[in-house]
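Note sheet for the following structure.
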Amino acid sequence: MTIPNVTILWCRKQATCHYCGQPIEIGTAMVKVFFWNKGNEDKRYWNTQHCYHLDNPACWVKQGLDYLEKNPFVPHVRGRVRALSKEDSRKRYLLVRRFNEMYQRKNNIKAPYPDNLPIEARLIKQMVDIMMEVAGLGGVPKSWAEKIN
Ligand SMILES: [Zn+2]
């Protein structure tokens with residue numbers, strides 16, 4: 001998924017409009033769009049930046065619409081976790097905490113290769129078990145899939 005960050009600013013260095021391909025002159029207003037599409041929820045990287053004419057709405061309005069078309073509106077699903085009973089919420093909280101502990105341990109295995117392998121495998125197995133349980137208690141956090149790799 002890409003999440004853009006849109007800024008409107010004065011052009012200080014001649015740029016090329018990503019939409020119409022014409023130059024954006026110094027001193028004119030432009031729209032700069034940064035996309036971050038690498039990393040995960042904890043850490044993101046800006047790795048693309050596009051400039052558009054601001055004085056020609058065809059340029060920047062069109063890019064905005066393109067973006068929206070590629071990323072259709074998804075309503076937030078509310079209350080899934082909140083719908084859990086108090087007891088289940090508590091269980092979920094403890095499982096999430098335990099999962100993160102396992103994850104920390106997995107990242108801090110001191111044993112050298114290949115002794116680290118069975119230790120890592122055991123931790124991953126435990127993490128997957130926790131995932132299974134959490135799945136039934138409001139769902140598995142998205143970032144977890146990467147953490148068991
Ligand atoms: Zn343009």
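To be explicit about the labels: the chains of the structure tokens are called A, B, and onward in the order shown, and within each one the residues are counted from 1, while ligands get numbers from 1 in the order they are shown.
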For chain A versus ligand 1, which residues have an atom no more than 12 Å away, and what is each residue's nearest atom pair and distance in Å rounded to one decimal, using only C-alpha atoms and all ligand atoms, chain-then-number order, as a Markdown table?
```
| residue | atom | partner | partner_atom_place_in_ligand_line | distance |
| --- | --- | --- | --- | --- |
| A:Ala15 | CA | ligand 1 | 1 (Zn) | 10.2 |
| A:Thr16 | CA | ligand 1 | 1 (Zn) | 7.7 |
| A:Cys17 | CA | ligand 1 | 1 (Zn) | 4.5 |
| A:His18 | CA | ligand 1 | 1 (Zn) | 6.7 |
| A:Tyr19 | CA | ligand 1 | 1 (Zn) | 5.3 |
| A:Cys20 | CA | ligand 1 | 1 (Zn) | 4.2 |
| A:Gly21 | CA | ligand 1 | 1 (Zn) | 6.2 |
| A:Gln22 | CA | ligand 1 | 1 (Zn) | 5.7 |
| A:Pro23 | CA | ligand 1 | 1 (Zn) | 7.5 |
| A:Ile24 | CA | ligand 1 | 1 (Zn) | 7.3 |
| A:Glu25 | CA | ligand 1 | 1 (Zn) | 10.7 |
| A:Thr28 | CA | ligand 1 | 1 (Zn) | 11.8 |
| A:Ala29 | CA | ligand 1 | 1 (Zn) | 11.2 |
| A:Met30 | CA | ligand 1 | 1 (Zn) | 9.1 |
| A:Val31 | CA | ligand 1 | 1 (Zn) | 9.8 |
| A:Lys32 | CA | ligand 1 | 1 (Zn) | 11.6 |
| A:His50 | CA | ligand 1 | 1 (Zn) | 10.9 |
| A:Cys51 | CA | ligand 1 | 1 (Zn) | 8.3 |
| A:Tyr52 | CA | ligand 1 | 1 (Zn) | 5.2 |
| A:His53 | CA | ligand 1 | 1 (Zn) | 4.4 |
| A:Leu54 | CA | ligand 1 | 1 (Zn) | 7.7 |
| A:Asp55 | CA | ligand 1 | 1 (Zn) | 8.4 |
| A:Asn56 | CA | ligand 1 | 1 (Zn) | 6.3 |
| A:Pro57 | CA | ligand 1 | 1 (Zn) | 8.3 |
| A:Ala58 | CA | ligand 1 | 1 (Zn) | 7.4 |
| A:Cys59 | CA | ligand 1 | 1 (Zn) | 4.6 |
| A:Trp60 | CA | ligand 1 | 1 (Zn) | 7.3 |
| A:Val61 | CA | ligand 1 | 1 (Zn) | 10.2 |
| A:Lys62 | CA | ligand 1 | 1 (Zn) | 9.8 |
| A:Gln63 | CA | ligand 1 | 1 (Zn) | 10.0 |
```
- Message: Need to verify the contact set: Tyr103 (chain A), 12 Å, only C-alpha atoms, exclusion of same-chain residues closer than 6 positions in sequence. Can you return it as a VMD selection string?
- Response: chain A and resid 96 to 97 109 120 to 128 130 143 to 149
Please provide as a PDB file with N, CA, C and O atoms, in the first residue's frame all residues within 9 Å of Asp88 (chain A), with the sequence filter that same-chain residues fewer than 4 positions apart are discarded (counting only C-alpha atoms).
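Result saved to out_18.pdb:
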```pdb
ATOM      1  N   LEU A  84     -15.252  -7.430  22.345  1.00  0.00           N
ATOM      2  CA  LEU A  84     -14.847  -8.547  23.194  1.00  0.00           C
ATOM      3  C   LEU A  84     -15.315  -8.312  24.631  1.00  0.00           C
ATOM      4  O   LEU A  84     -15.398  -7.177  25.080  1.00  0.00           O
ATOM      5  N   ARG A  92      -6.565 -11.145  25.408  1.00  0.00           N
ATOM      6  CA  ARG A  92      -5.921 -10.643  24.204  1.00  0.00           C
ATOM      7  C   ARG A  92      -4.706  -9.780  24.564  1.00  0.00           C
ATOM      8  O   ARG A  92      -3.643  -9.912  23.989  1.00  0.00           O
ATOM      9  N   TYR A  93      -4.903  -8.922  25.519  1.00  0.00           N
ATOM     10  CA  TYR A  93      -3.826  -8.041  25.959  1.00  0.00           C
ATOM     11  C   TYR A  93      -2.602  -8.855  26.398  1.00  0.00           C
ATOM     12  O   TYR A  93      -1.476  -8.568  26.013  1.00  0.00           O
ATOM     13  N   LEU A 137      -9.684 -13.862  19.060  1.00  0.00           N
ATOM     14  CA  LEU A 137      -9.958 -12.822  20.060  1.00  0.00           C
ATOM     15  C   LEU A 137      -9.797 -11.434  19.443  1.00  0.00           C
ATOM     16  O   LEU A 137      -9.027 -10.603  19.921  1.00  0.00           O
ATOM     17  N   GLY A 138     -10.471 -11.220  18.330  1.00  0.00           N
ATOM     18  CA  GLY A 138     -10.432  -9.889  17.731  1.00  0.00           C
ATOM     19  C   GLY A 138      -9.511  -9.760  16.537  1.00  0.00           C
ATOM     20  O   GLY A 138      -9.426  -8.703  15.937  1.00  0.00           O
TER      21      GLY A 138
END
```
- Message: Measuring between only C-alpha atoms, which one of A:Val6, A:Met131, A:Ala83, A:Ala111 shows the shortest distance to Phe99 (chain A)?
- Response: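 Comparing A:Val6, A:Met131, A:Ala83, A:Ala111 against Phe99 (chain A), the winner is A:Met131.
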- Item | Computed interatomic separation between CA of Pro118 (chain A) and CA of Arg105 (chain A) (Å) | 13.2 Å
- Hey, which of A:Asn108, A:Ser89, A:Asn5, A:Gln14 ends up closest to Gly139 (chain A)? Count only C-alpha atoms. A:Ser89
- Query: Between CA of Ile119 (chain A) and CA of Asn100 (chain A), what is the distance, to one decimal in Å?
  - Reply: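 CA of Asn100 (chain A) lies at a distance of 16.2 Å from CA of Ile119 (chain A).
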- How many Å lie between CA of Tyr113 (chain A) and CA of Glu101 (chain A), rounded to one decimal?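 CA of Glu101 (chain A) lies 21.7 Å from CA of Tyr113 (chain A).
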